[in-house]
$ cat work.cif   # mmCIF, C-alpha atoms
data_final
#
loop_
_atom_site.label_atom_id
_atom_site.label_comp_id
_atom_site.auth_asym_id
_atom_site.auth_seq_id
_atom_site.Cartn_x
_atom_site.Cartn_y
_atom_site.Cartn_z
CA MET A 1 0.00 0.00 0.00
CA SER A 2 0.98 3.62 -0.49
CA CYS A 3 -0.07 6.66 1.54
CA PRO A 4 -2.72 8.62 -0.44
CA ASN A 5 -1.20 11.89 0.77
CA CYS A 6 2.59 11.58 0.46
CA GLY A 7 3.06 8.28 -1.39
CA ALA A 8 5.22 6.67 1.29
CA PRO A 9 4.90 2.85 1.65
CA VAL A 10 2.59 1.62 4.42
CA ALA A 11 1.81 -1.89 5.64
CA SER A 12 -1.63 -3.31 5.02
CA THR A 13 -2.20 -3.44 8.78
CA ASP A 14 -1.24 0.20 9.40
CA THR A 15 -3.85 2.74 10.42
CA PHE A 16 -1.69 5.82 9.89
CA CYS A 17 1.16 6.70 7.53
CA GLU A 18 4.41 6.78 9.50
CA ALA A 19 5.83 9.53 7.26
CA CYS A 20 3.08 12.17 7.40
CA GLY A 21 0.43 10.87 9.83
CA THR A 22 -2.39 10.62 7.28
CA THR A 23 -5.15 8.12 8.13
CA VAL A 24 -4.94 5.23 5.65
CA ARG A 25 -7.97 3.28 6.94
CA ARG A 26 -10.59 3.47 9.66
CA LEU A 27 -9.73 2.27 13.14
CA GLY A 28 -10.77 -1.35 13.52
CA ALA A 29 -11.25 -1.92 9.78
CA ALA A 30 -9.26 -4.94 8.66
CA PRO A 31 -8.40 -5.44 4.99
CA THR A 32 -10.62 -8.03 3.28
CA VAL A 33 -10.48 -9.83 -0.06
CA ASP A 34 -13.57 -10.51 -2.18
CA LEU A 35 -13.44 -14.17 -3.33
CA GLY A 36 -16.87 -14.25 -4.91
CA GLY A 37 -18.82 -15.38 -1.85
CA SER A 38 -16.26 -17.55 -0.15
CA ALA A 39 -15.11 -16.78 3.37
CA PRO A 40 -12.40 -14.15 3.67
CA PRO A 41 -8.89 -15.47 4.31
CA ASP A 42 -7.10 -15.10 7.60
CA PRO A 43 -5.69 -11.63 8.22
CA PRO A 44 -2.18 -11.26 6.78
CA ASP A 45 0.83 -11.34 9.03
CA PRO A 46 2.09 -7.89 10.01
CA VAL A 47 4.61 -6.54 7.54
CA GLU A 48 7.13 -3.89 8.42
CA PRO A 49 6.78 -0.77 6.23
CA VAL A 50 9.45 -0.44 3.59
CA GLU A 51 11.77 2.47 4.37
CA PRO A 52 11.65 5.09 1.59
CA VAL A 53 15.07 5.59 0.06
CA ASP A 54 16.49 9.05 -0.51
CA PRO A 55 16.17 9.52 -4.28
CA ASP A 56 19.29 10.25 -6.25
CA PRO A 57 19.37 13.77 -7.67
CA VAL A 58 18.15 14.18 -11.22
CA ALA A 59 20.95 16.03 -12.92
CA THR A 60 22.35 16.55 -16.37
CA ALA A 61 26.02 17.32 -16.87
CA THR A 62 26.69 19.47 -19.89
CA ALA A 63 29.47 21.95 -20.54
CA ALA A 64 30.95 25.19 -19.30
CA ASP A 65 29.27 27.62 -16.91
CA PRO A 66 27.88 30.45 -19.08
CA SER A 67 28.91 33.23 -16.65
CA ASN A 68 29.17 36.63 -18.27
CA PRO A 69 31.68 39.39 -17.45
CA THR A 70 30.35 41.83 -14.87
CA ALA A 71 27.75 43.91 -16.63
CA ALA A 72 24.54 45.78 -15.89
CA THR A 73 21.55 44.76 -18.01
CA ALA A 74 17.87 45.60 -17.93
CA LEU A 75 15.64 43.03 -16.31
CA GLY A 76 14.21 40.74 -18.93
CA ALA A 77 17.02 41.26 -21.45
CA PRO A 78 18.33 37.97 -22.86
CA VAL A 79 21.32 36.62 -21.00
CA ASP A 80 24.27 35.11 -22.82
CA ALA A 81 23.93 31.34 -22.74
CA ALA A 82 25.40 28.59 -24.80
CA ALA A 83 23.00 26.18 -26.46
CA VAL A 84 21.48 24.08 -23.71
CA ASP A 85 21.55 20.88 -25.75
CA GLY A 86 25.16 19.88 -25.26
CA THR A 87 26.76 23.17 -24.33
CA GLY A 88 24.67 24.67 -21.54
CA PRO A 89 25.08 24.60 -17.76
CA ALA A 90 24.68 21.64 -15.48
CA LEU A 91 21.28 21.12 -13.93
CA LEU A 92 20.08 20.17 -10.47
CA ASP A 93 16.48 19.02 -10.15
CA LYS A 94 14.73 20.68 -7.18
CA THR A 95 11.65 18.48 -7.38
CA SER A 96 11.03 14.77 -7.08
CA PHE A 97 7.88 12.74 -7.45
CA LEU A 98 9.42 9.66 -5.89
CA PRO A 99 8.32 8.63 -2.38
CA PRO A 100 9.73 11.23 0.03
CA PRO A 101 12.76 10.37 2.14
CA ARG A 102 12.35 9.41 5.75
CA PRO A 103 12.25 12.47 8.02
CA PRO A 104 15.52 13.05 9.87
CA THR A 105 16.01 12.40 13.55
CA PRO A 106 14.30 15.34 15.29
CA ASP A 107 16.52 18.13 16.60
CA PRO A 108 14.84 19.29 19.85
CA ALA A 109 16.18 22.82 19.36
CA VAL A 110 14.39 23.14 16.03
CA THR A 111 11.81 20.38 15.63
CA ALA A 112 10.27 19.92 19.08
CA PRO A 113 6.50 19.37 18.74
CA VAL A 114 4.46 22.48 19.45
CA GLY A 115 1.56 22.10 21.89
CA PRO A 116 -0.95 19.22 22.05
CA CYS A 117 -2.11 17.21 19.05
CA ALA A 118 -4.09 19.38 16.63
CA GLU A 119 -6.34 16.44 15.70
CA CYS A 120 -7.52 15.15 19.08
CA GLY A 121 -5.83 17.30 21.73
CA GLY A 122 -3.87 14.38 23.11
CA PRO A 123 -0.27 14.53 24.36
CA VAL A 124 2.56 14.35 21.84
CA GLY A 125 5.32 11.81 22.47
CA PRO A 126 9.06 12.45 22.18
CA ASP A 127 9.01 10.95 18.66
CA GLY A 128 6.72 13.78 17.49
CA TYR A 129 3.56 11.65 17.15
CA CYS A 130 0.33 11.87 19.18
CA THR A 131 0.19 9.12 21.78
CA VAL A 132 -3.61 8.86 21.40
CA CYS A 133 -4.43 9.01 17.68
CA GLY A 134 -0.96 8.59 16.17
CA VAL A 135 -1.05 11.69 13.98
CA ARG A 136 2.28 13.43 13.41
CA ALA A 137 2.34 16.66 15.43
CA GLN A 138 3.39 19.95 13.96
CA SER A 139 6.84 21.15 14.96
CA GLU A 140 8.48 24.56 14.95
CA ARG A 141 10.43 23.50 11.86
CA ASP A 142 7.15 22.72 10.05
CA HIS A 143 5.79 26.25 10.46
CA TRP A 144 7.08 29.42 12.02
CA ARG A 145 6.69 33.18 11.76
CA GLU A 146 9.08 36.09 12.32
CA ASP A 147 8.08 39.73 12.94
CA PRO A 148 11.35 41.63 13.44
CA ALA A 149 9.66 45.06 13.06
CA SER A 150 6.17 46.48 12.64
CA TRP A 151 6.68 46.80 8.86
CA VAL A 152 8.40 43.42 8.24
CA GLY A 153 7.12 39.86 8.66
CA ALA A 154 7.68 36.37 7.27
CA VAL A 155 6.23 32.85 7.44
CA CYS A 156 7.86 29.51 6.56
CA ASP A 157 5.60 26.47 6.12
CA ARG A 158 5.97 22.76 5.27
CA GLY A 159 3.10 22.82 2.78
CA VAL A 160 0.65 19.98 2.22
CA ARG A 161 2.52 17.31 0.28
CA HIS A 162 6.04 17.29 1.75
CA VAL A 163 6.81 15.32 4.90
CA ARG A 164 9.28 17.94 6.11
CA ASN A 165 10.04 21.61 5.59
CA GLU A 166 13.23 22.05 3.59
CA ASP A 167 12.85 25.84 3.25
CA GLY A 168 14.83 28.15 5.52
CA MET A 169 14.36 31.85 6.22
CA ALA A 170 15.79 34.59 8.43
CA THR A 171 14.91 38.26 8.84
CA ALA A 172 16.24 41.38 10.54
CA ALA A 173 14.74 44.88 10.67
CA THR A 174 14.79 48.13 12.63
CA GLU A 175 12.34 50.93 13.34
CA PRO A 176 11.28 53.33 11.92
CA ARG A 177 9.85 52.01 8.68
CA ALA A 178 12.31 51.75 5.75
CA SER A 179 15.33 52.35 8.01
CA PHE A 180 16.69 48.80 7.44
CA ALA A 181 15.40 45.33 6.66
CA ALA A 182 17.05 42.13 5.46
CA LEU A 183 14.87 39.30 4.14
CA VAL A 184 16.59 35.97 3.37
CA VAL A 185 15.04 32.80 1.92
CA CYS A 186 16.85 29.54 1.11
CA ASP A 187 15.01 26.65 -0.52
CA GLY A 188 16.56 23.25 0.15
CA VAL A 189 17.04 21.01 -2.90
CA SER A 190 14.69 18.12 -2.17
CA THR A 191 16.79 15.52 -3.99
CA SER A 192 19.84 16.21 -1.82
CA THR A 193 20.47 14.69 1.61
CA ARG A 194 19.17 16.64 4.63
CA SER A 195 18.78 19.88 2.68
CA GLU A 196 16.72 21.37 5.54
CA VAL A 197 19.92 21.56 7.60
CA ALA A 198 21.72 23.55 4.91
CA SER A 199 18.83 25.90 4.10
CA LEU A 200 18.17 27.09 7.65
CA ALA A 201 21.86 27.49 8.54
CA ALA A 202 22.53 29.31 5.26
CA ALA A 203 19.63 31.75 5.72
CA ARG A 204 20.65 32.64 9.27
CA ALA A 205 24.32 33.09 8.36
CA ALA A 206 23.42 35.45 5.50
CA ARG A 207 21.04 37.42 7.71
CA ASP A 208 23.75 37.90 10.33
CA VAL A 209 26.22 39.23 7.74
CA LEU A 210 23.69 41.76 6.44
CA ASP A 211 22.62 42.85 9.92
CA ALA A 212 26.25 43.42 10.92
CA ALA A 213 26.82 45.61 7.83
CA ARG A 214 23.93 47.94 8.64
CA PRO A 215 25.79 50.49 10.79
CA SER A 216 28.47 51.04 8.14
CA ALA A 217 26.06 51.82 5.28
CA PRO A 218 26.85 55.26 3.76
CA ASP A 219 24.38 58.11 3.53
CA ASP A 220 24.85 58.72 -0.19
CA PRO A 221 22.11 56.79 -2.04
CA THR A 222 24.33 55.53 -4.85
CA ALA A 223 27.09 54.50 -2.45
CA ARG A 224 24.50 52.82 -0.26
CA ALA A 225 23.33 50.61 -3.12
CA ALA A 226 26.94 49.65 -3.91
CA HIS A 227 27.55 48.92 -0.22
CA TRP A 228 24.69 46.44 -0.08
CA GLY A 229 25.72 44.83 -3.35
CA ARG A 230 29.11 44.02 -1.81
CA HIS A 231 27.63 42.75 1.43
CA LEU A 232 25.06 40.61 -0.35
CA THR A 233 28.03 38.88 -1.97
CA ASP A 234 29.55 38.41 1.50
CA ALA A 235 26.23 37.10 2.79
CA CYS A 236 25.92 34.61 -0.05
CA ARG A 237 29.44 33.34 0.59
CA ALA A 238 28.64 32.92 4.28
CA ALA A 239 25.54 30.96 3.28
CA SER A 240 27.63 28.82 0.94
CA GLU A 241 30.09 28.09 3.74
CA GLU A 242 27.22 26.90 5.93
CA THR A 243 26.09 24.46 3.24
CA ARG A 244 29.62 23.01 3.25
CA ARG A 245 29.54 22.66 7.04
CA ALA A 246 26.18 20.94 6.70
CA ALA A 247 27.72 18.52 4.21
CA GLU A 248 30.41 17.61 6.74
CA GLU A 249 27.74 17.11 9.41
CA VAL A 250 25.51 14.97 7.20
CA GLY A 251 28.41 12.94 5.83
CA ASP A 252 27.09 12.11 2.35
CA PRO A 253 29.78 13.36 -0.06
CA GLY A 254 28.01 11.83 -3.03
CA ASN A 255 24.82 13.82 -2.48
CA PRO A 256 25.53 16.71 -0.08
CA PRO A 257 22.81 19.09 1.15
CA SER A 258 22.25 22.09 -1.09
CA CYS A 259 19.89 25.03 -1.44
CA THR A 260 18.98 28.15 -3.36
CA PHE A 261 19.58 31.66 -2.00
CA VAL A 262 17.78 34.99 -2.27
CA ALA A 263 18.13 38.04 -0.04
CA ALA A 264 16.71 41.55 -0.27
CA VAL A 265 17.91 44.57 1.69
CA VAL A 266 15.82 47.73 2.10
CA GLN A 267 17.40 50.87 3.53
CA ASP A 268 16.25 54.45 3.09
CA GLY A 269 14.97 53.99 -0.44
CA ALA A 270 17.53 51.50 -1.69
CA LEU A 271 16.25 48.03 -2.56
CA VAL A 272 19.13 45.67 -3.36
CA THR A 273 18.72 41.96 -4.07
CA GLY A 274 21.12 39.03 -4.50
CA TRP A 275 20.29 35.48 -5.56
CA VAL A 276 21.47 32.06 -6.65
CA GLY A 277 18.86 29.62 -7.97
CA ASP A 278 15.13 30.16 -8.46
CA SER A 279 13.86 31.66 -5.22
CA ARG A 280 12.56 35.13 -6.03
CA ALA A 281 12.13 38.73 -4.93
CA TYR A 282 9.47 41.15 -6.20
CA TRP A 283 8.68 44.85 -5.90
CA LEU A 284 4.89 45.33 -5.83
CA PRO A 285 4.08 49.07 -5.73
CA ASP A 286 0.55 50.22 -4.98
CA ASP A 287 0.68 52.26 -8.20
CA GLY A 288 3.03 51.75 -11.10
CA VAL A 289 4.74 48.72 -12.59
CA ALA A 290 5.24 45.55 -10.53
CA VAL A 291 8.73 44.13 -11.02
CA GLN A 292 10.38 40.75 -10.52
CA LEU A 293 13.77 41.69 -9.06
CA THR A 294 15.43 38.34 -9.78
CA GLU A 295 15.92 36.14 -12.81
CA ASP A 296 15.74 32.39 -12.24
CA ASP A 297 18.88 30.31 -12.68
CA SER A 298 16.91 27.52 -14.31
CA TRP A 299 16.37 25.36 -17.36
CA VAL A 300 13.37 27.49 -18.37
CA THR A 301 15.39 30.72 -18.30
CA GLU A 302 18.12 29.21 -20.45
CA ARG A 303 15.64 27.89 -22.98
CA VAL A 304 13.71 31.15 -23.21
CA ALA A 305 17.01 33.02 -23.70
CA LEU A 306 17.62 30.76 -26.69
CA GLY A 307 14.27 31.72 -28.20
CA VAL A 308 12.08 28.83 -27.03
CA PRO A 309 8.54 30.02 -26.18
CA ARG A 310 8.07 30.17 -22.42
CA ALA A 311 4.98 27.94 -22.48
CA GLU A 312 6.95 25.24 -24.31
CA ALA A 313 9.93 25.55 -21.98
CA GLU A 314 7.76 25.36 -18.86
CA ALA A 315 6.04 22.23 -20.19
CA ASP A 316 9.38 20.43 -20.42
CA GLY A 317 10.07 17.78 -17.78
CA ARG A 318 13.27 19.63 -16.86
CA ALA A 319 11.51 22.94 -16.25
CA HIS A 320 12.25 22.95 -12.50
CA ALA A 321 15.92 22.07 -12.88
CA ILE A 322 18.18 24.83 -11.55
CA THR A 323 21.52 25.74 -13.09
CA ARG A 324 23.09 27.46 -10.05
CA TRP A 325 22.85 26.51 -6.36
CA LEU A 326 24.80 26.58 -3.10
CA GLY A 327 26.38 23.39 -1.84
CA ALA A 328 29.55 21.37 -1.51
CA ASP A 329 28.99 20.06 -5.05
CA SER A 330 28.78 23.56 -6.54
CA ALA A 331 31.52 26.06 -7.38
CA VAL A 332 29.01 28.91 -7.07
CA ASP A 333 29.16 31.21 -4.05
CA THR A 334 28.67 34.60 -5.72
CA PRO A 335 25.17 35.92 -6.38
CA ARG A 336 23.79 37.96 -9.18
CA THR A 337 22.50 41.24 -7.79
CA SER A 338 19.95 43.87 -8.71
CA SER A 339 19.26 47.34 -7.36
CA LEU A 340 16.14 49.48 -7.51
CA ARG A 341 15.42 52.92 -6.11
CA VAL A 342 12.03 52.82 -4.39
CA ASP A 343 12.04 55.74 -1.95
CA GLY A 344 8.93 57.85 -1.91
CA VAL A 345 6.86 54.97 -3.36
CA ALA A 346 4.32 52.91 -1.43
CA GLY A 347 4.37 49.18 -1.97
CA TRP A 348 5.44 45.72 -0.84
CA VAL A 349 8.81 44.01 -1.07
CA LEU A 350 8.14 40.27 -1.35
CA VAL A 351 10.77 37.52 -1.10
CA CYS A 352 9.61 33.93 -1.54
CA SER A 353 10.40 30.34 -2.46
CA ASP A 354 8.83 28.65 -5.46
CA GLY A 355 6.22 27.13 -3.18
CA LEU A 356 4.38 30.46 -3.64
CA TRP A 357 5.34 31.68 -7.09
CA ASN A 358 4.64 28.30 -8.73
CA TYR A 359 0.97 29.22 -8.30
CA CYS A 360 1.28 32.93 -9.17
CA SER A 361 4.41 33.80 -11.09
CA PRO A 362 4.09 37.09 -13.08
CA ALA A 363 4.70 40.20 -10.99
CA PRO A 364 1.40 41.90 -12.04
CA ASP A 365 -0.59 38.79 -11.07
CA LEU A 366 1.19 38.55 -7.73
CA ARG A 367 0.47 42.21 -7.02
CA ALA A 368 -3.21 41.62 -7.82
CA LEU A 369 -3.25 38.68 -5.39
CA VAL A 370 -1.61 40.73 -2.62
CA SER A 371 -3.95 43.68 -3.27
CA ALA A 372 -6.99 41.42 -3.01
CA MET A 373 -5.77 40.02 0.31
CA VAL A 374 -4.99 43.48 1.65
CA ALA A 375 -8.49 44.63 0.68
CA GLY A 376 -9.91 41.83 2.81
CA HIS A 377 -8.34 43.23 5.98
CA PRO A 378 -9.94 46.17 7.83
CA GLU A 379 -6.47 47.67 8.29
CA GLY A 380 -5.84 47.71 4.52
CA ASN A 381 -2.15 48.31 3.75
CA ALA A 382 -1.57 48.78 7.49
CA VAL A 383 -2.11 45.04 8.00
CA ALA A 384 0.77 43.35 9.81
CA PRO A 385 3.17 41.96 7.17
CA GLY A 386 3.47 38.69 9.09
CA LEU A 387 -0.30 38.25 8.95
CA LEU A 388 -0.34 38.98 5.21
CA ALA A 389 2.52 36.49 4.71
CA ALA A 390 0.44 33.87 6.57
CA ASP A 391 -2.49 34.61 4.24
CA LEU A 392 -0.28 34.04 1.19
CA VAL A 393 1.02 30.77 2.64
CA ALA A 394 -2.53 29.60 3.35
CA TRP A 395 -3.53 30.54 -0.20
CA ALA A 396 -0.64 28.51 -1.68
CA ASN A 397 -1.62 25.53 0.49
CA GLY A 398 -5.15 25.93 -0.81
CA GLN A 399 -3.84 25.64 -4.36
CA GLY A 400 -2.36 22.25 -3.49
CA GLY A 401 0.68 23.02 -1.32
CA HIS A 402 2.88 20.77 -3.46
CA ASP A 403 6.08 22.36 -2.11
CA ASN A 404 7.35 24.05 1.03
CA ILE A 405 6.27 27.70 1.13
CA THR A 406 8.15 30.73 2.44
CA VAL A 407 6.95 34.33 2.18
CA ALA A 408 8.75 37.40 3.58
CA LEU A 409 7.28 40.91 3.26
CA ALA A 410 8.33 44.50 3.95
CA ARG A 411 5.90 47.41 3.65
CA LEU A 412 7.05 50.80 2.36
CA GLU A 413 4.96 53.98 2.37
CA ALA A 414 5.14 57.13 0.28
CA GLY A 415 7.38 59.68 1.96
CA ASP A 416 9.45 57.10 3.87
CA ALA A 417 12.56 58.70 2.35
CA GLU A 418 13.52 61.50 0.02
CA ARG A 419 12.48 60.58 -3.52
CA TRP A 420 15.24 59.84 -6.02
CA GLN A 421 15.13 60.96 -9.62
CA ASP A 422 14.72 57.57 -11.28
CA ALA A 423 13.66 54.00 -10.66
CA THR A 424 15.92 51.91 -12.89
CA LEU A 425 16.48 48.24 -12.14
CA GLU A 426 20.00 47.03 -12.85
CA ILE A 427 21.24 43.45 -12.70
CA THR A 428 24.91 42.65 -12.18
CA VAL A 429 26.18 39.28 -13.39
CA PRO A 430 29.27 38.05 -11.51
CA VAL A 431 32.23 36.05 -12.72
CA ARG A 432 33.96 33.49 -10.54
CA LEU A 433 37.27 32.17 -11.84
CA ASP A 434 38.54 30.60 -8.62
CA PRO A 435 36.19 27.85 -7.33
CA PRO A 436 36.42 27.22 -3.58
CA ASP A 437 38.81 24.51 -2.50
CA GLY A 438 37.29 21.06 -2.86
CA ALA A 439 34.30 22.23 -4.91
CA GLN A 440 33.35 20.63 -8.16
CA SER A 441 32.33 22.70 -11.13
CA PRO A 442 28.58 22.41 -11.80
CA THR A 443 29.56 21.25 -15.28
CA ALA A 444 31.77 18.43 -14.04
CA GLY A 445 28.97 16.00 -13.35
CA GLY A 446 29.30 16.18 -9.57
CA THR A 447 25.52 16.24 -9.18
#
$ encode --input "work.cif" --output "structure tokens"
Amino acid sequence: MSCPNCGAPVASTDTFCEACGTTVRRLGAAPTVDLGGSAPPDPPDPVEPVEPVDPDPVATATAADPSNPTAATALGAPVDAAAVDGTGPALLDKTSFLPPPRPPTPDPAVTAPVGPCAECGGPVGPDGYCTVCGVRAQSERDHWREDPASWVGAVCDRGVRHVRNEDGMATAATEPRASFAALVVCDGVSTSTRSEVASLAAARAARDVLDAARPSAPDDPTARAAHWGRHLTDACRAASEETRRAAEEVGDPGNPPSCTFVAAVVQDGALVTGWVGDSRAYWLPDDGVAVQLTEDDSWVTERVALGVPRAEAEADGRAHAITRWLGADSAVDTPRTSSLRVDGVAGWVLVCSDGLWNYCSPAPDLRALVSAMVAGHPEGNAVAPGLLAADLVAWANGQGGHDNITVALARLEAGDAERWQDATLEITVPVRLDPPDGAQSPTAGGT
């Protein structure tokens, strides 16, 4: 038998799925076999559930990394990329439809069950399951919220289909509004071993680097944007180092934990973003043009850059494969960055994993979704960002919740800072010629 919710193997005598806690048959109902009127056979002997095996990563090794020399380009302009068929970048598949791996041994500091069982109110045992009905209890790692300031909030959630939350997030912010905020999201690669360890450690390390750089930010707007571009690179490298530490802790050199990275910094009108992979950041103004601040490092992006229609590229089975990631099996530790001047404009900065944008990808559509949710709150745009983030997570779960979901928001208001003269988005593409010691090139077939 297979669990109808997560697909994990279950014994014919089991009442609940050991992986996700879903009820697989009614209490007291024994399996029967219809033999055309003859008496049912004796109940089968108990069979131990088969342990799901961590799936190997789906990866394609091709040729050289198509990094460009440092250059500023308009968002949406084609990026230089060699032909994907035979000469493009290596790929790492972030999704898997195989039975999910067995959840790791709980870490009490992160995964301790929260409160009584949500199903029956019974006590939760040390293994994380209800001692009365057997349902798996929610842990802090499954769902948590951060509200570092009145204008910043974030929620990270396991979703509906996954047995564990492999997303990580970390935030920092100060009062008053727009004075400083750092929003970091790392999405663990589900086909790598214990990616939830890497994603959470990476997000927190990057957040700490950005928070420490806050006091040294210059007053000049242009210099401030350059300052945060440099420190986003430092933050990404700190996150990369944490993924390598996680690999040493996990001890699976053939399939080390890995994750994506995206971070956005807001300070006095400067909005600067850095990323590796396909987690995203958006600027959603109340009036004006909504903008996606990042450009996915993915199979789809490479194909579209080569002239393939987006609908065709997204229908390909490799659509969710990423071409850049952080991990011991990647030579990448430098992000691409973008900067946008947003002072004097009211709107939302949104940073998220693909658990949200898979259901609402274009920036105008995402702004319409956020606007509709804001309109449903009596406070309007004064709604707490953490509450709005929870609404977006609940909406994504309502669409199916096929992936982990992380949403981080910062609210800006008109007049928060002196208005600049333009609002031009620039993307900087880095070059890395010296891979970290011990790292394999993404094109070398290491994944």
$ residues_around --input "work.cif" --residues "segment 381-390 of chain A" --least-positions-apart "6" --cutoff "7 Å" --atoms "only C-alpha atoms" --output "tab-separated table (two decimals) with C-alpha atoms, in the coordinates of the input"
chain	number	residue	atom	x	y	z
A	145	ARG	CA	6.69	33.18	11.76
A	146	GLU	CA	9.08	36.09	12.32
A	147	ASP	CA	8.08	39.73	12.94
A	150	SER	CA	6.17	46.48	12.64
A	151	TRP	CA	6.68	46.80	8.86
A	152	VAL	CA	8.40	43.42	8.24
A	153	GLY	CA	7.12	39.86	8.66
A	154	ALA	CA	7.68	36.37	7.27
A	155	VAL	CA	6.23	32.85	7.44
A	374	VAL	CA	-4.99	43.48	1.65
A	407	VAL	CA	6.95	34.33	2.18
A	408	ALA	CA	8.75	37.40	3.58
A	409	LEU	CA	7.28	40.91	3.26
A	410	ALA	CA	8.33	44.50	3.95
$ residues_around --input "work.cif" --residues "Ala203 of chain A" --least-positions-apart "4" --cutoff "8 Å" --atoms "all atoms listed in the file" --output "list in words"
Gly168, Met169, Ala170, Val184, Val185, Cys186, Ser199, Arg207, Ala239 and Phe261 of chain A
$ residues_around --input "work.cif" --residues "Val304 of chain A" --least-positions-apart "4" --cutoff "10 Å" --atoms "only C-alpha atoms" --output "list in words"
Pro78, Val79, Trp299, Val300, Val308, Pro309, Arg310, Ala311, Glu312, Ala313 and Glu314 of chain A
$ write_last_selection --input "work.cif" --atoms "C-alpha atoms" --output "tab-separated table (two decimals), in the coordinates of the input"
chain	number	residue	atom	x	y	z
A	78	PRO	CA	18.33	37.97	-22.86
A	79	VAL	CA	21.32	36.62	-21.00
A	299	TRP	CA	16.37	25.36	-17.36
A	300	VAL	CA	13.37	27.49	-18.37
A	308	VAL	CA	12.08	28.83	-27.03
A	309	PRO	CA	8.54	30.02	-26.18
A	310	ARG	CA	8.07	30.17	-22.42
A	311	ALA	CA	4.98	27.94	-22.48
A	312	GLU	CA	6.95	25.24	-24.31
A	313	ALA	CA	9.93	25.55	-21.98
A	314	GLU	CA	7.76	25.36	-18.86
$ closest_atom_pairs --input "work.cif" --of "segment 226-342 of chain A" --to "segment 172-182 of chain A" --cutoff "6 Å" --atoms "all atoms listed in the file" --output "JSON lines"
{"residue": "A:Ala264", "atom": "CA", "partner": "A:Ala182", "partner_atom": "CA", "distance": 5.8}
{"residue": "A:Val265", "atom": "CA", "partner": "A:Ala182", "partner_atom": "CA", "distance": 4.6}
{"residue": "A:Val266", "atom": "CA", "partner": "A:Ala181", "partner_atom": "CA", "distance": 5.2}
{"residue": "A:Gln267", "atom": "CA", "partner": "A:Phe180", "partner_atom": "CA", "distance": 4.5}
{"residue": "A:Asp268", "atom": "CA", "partner": "A:Ser179", "partner_atom": "CA", "distance": 5.4}
$ write_last_selection --input "work.cif" --atoms "C-alpha atoms" --output "short mmCIF file (atom, residue, chain, number, x, y, z; two decimals), in the frame of the given file"
data_model
loop_
_atom_site.label_atom_id
_atom_site.label_comp_id
_atom_site.auth_asym_id
_atom_site.auth_seq_id
_atom_site.Cartn_x
_atom_site.Cartn_y
_atom_site.Cartn_z
CA ALA A 264 16.71 41.55 -0.27
CA VAL A 265 17.91 44.57 1.69
CA VAL A 266 15.82 47.73 2.10
CA GLN A 267 17.40 50.87 3.53
CA ASP A 268 16.25 54.45 3.09
#
$ resolve_selection --input "work.cif" --expression "the PyMOL selection byres ((chain A and resi 241) around 10)" --output "list in words"
Ala198, Ala201, Ala202, Ala205, Ala235, Cys236, Arg237, Ala238, Ala239, Ser240, Glu242, Thr243, Arg244, Arg245, Ala246, Ala247, Leu326, Gly327, Ala328, Asp333 and Pro436 of chain A
$ write_last_selection --input "work.cif" --atoms "C-alpha atoms" --output "CSV table (one decimal), keeping the file's coordinate frame"
chain,number,residue,atom,x,y,z
A,198,ALA,CA,21.7,23.6,4.9
A,201,ALA,CA,21.9,27.5,8.5
A,202,ALA,CA,22.5,29.3,5.3
A,205,ALA,CA,24.3,33.1,8.4
A,235,ALA,CA,26.2,37.1,2.8
A,236,CYS,CA,25.9,34.6,0.0
A,237,ARG,CA,29.4,33.3,0.6
A,238,ALA,CA,28.6,32.9,4.3
A,239,ALA,CA,25.5,31.0,3.3
A,240,SER,CA,27.6,28.8,0.9
A,242,GLU,CA,27.2,26.9,5.9
A,243,THR,CA,26.1,24.5,3.2
A,244,ARG,CA,29.6,23.0,3.2
A,245,ARG,CA,29.5,22.7,7.0
A,246,ALA,CA,26.2,20.9,6.7
A,247,ALA,CA,27.7,18.5,4.2
A,326,LEU,CA,24.8,26.6,-3.1
A,327,GLY,CA,26.4,23.4,-1.8
A,328,ALA,CA,29.6,21.4,-1.5
A,333,ASP,CA,29.2,31.2,-4.0
A,436,PRO,CA,36.4,27.2,-3.6
$ closest_residue --input "work.cif" --among "A:Ala223, A:Ser353, A:Trp348, A:Val189" --to "Arg324 of chain A" --atoms "all atoms listed in the file"
A:Val189
$ resolve_selection --input "work.cif" --expression "the PyMOL selection byres ((chain A and resi 395-402) around 6)" --output "NGL selection string"
:A and (159-161 or 356 or 392-394 or 403)
$ closest_residue --input "work.cif" --among "A:Asp365, A:Asp329, A:His227, A:Leu271" --to "Arg341 of chain A" --atoms "only C-alpha atoms"
A:Leu271
$ decode --input "work.cif" --residues "segment 354-365 of chain A" --atoms "C-alpha atoms" --output "PDB file, in the first residue's frame"
ATOM      1  CA  ASP A 354       8.835  28.651  -5.459  1.00  0.00           C
ATOM      2  CA  GLY A 355       6.215  27.134  -3.176  1.00  0.00           C
ATOM      3  CA  LEU A 356       4.383  30.457  -3.640  1.00  0.00           C
ATOM      4  CA  TRP A 357       5.342  31.684  -7.095  1.00  0.00           C
ATOM      5  CA  ASN A 358       4.641  28.305  -8.727  1.00  0.00           C
ATOM      6  CA  TYR A 359       0.974  29.220  -8.301  1.00  0.00           C
ATOM      7  CA  CYS A 360       1.279  32.929  -9.167  1.00  0.00           C
ATOM      8  CA  SER A 361       4.414  33.801 -11.088  1.00  0.00           C
ATOM      9  CA  PRO A 362       4.094  37.086 -13.076  1.00  0.00           C
ATOM     10  CA  ALA A 363       4.697  40.203 -10.994  1.00  0.00           C
ATOM     11  CA  PRO A 364       1.395  41.898 -12.043  1.00  0.00           C
ATOM     12  CA  ASP A 365      -0.591  38.792 -11.067  1.00  0.00           C
TER      13      ASP A 365
END
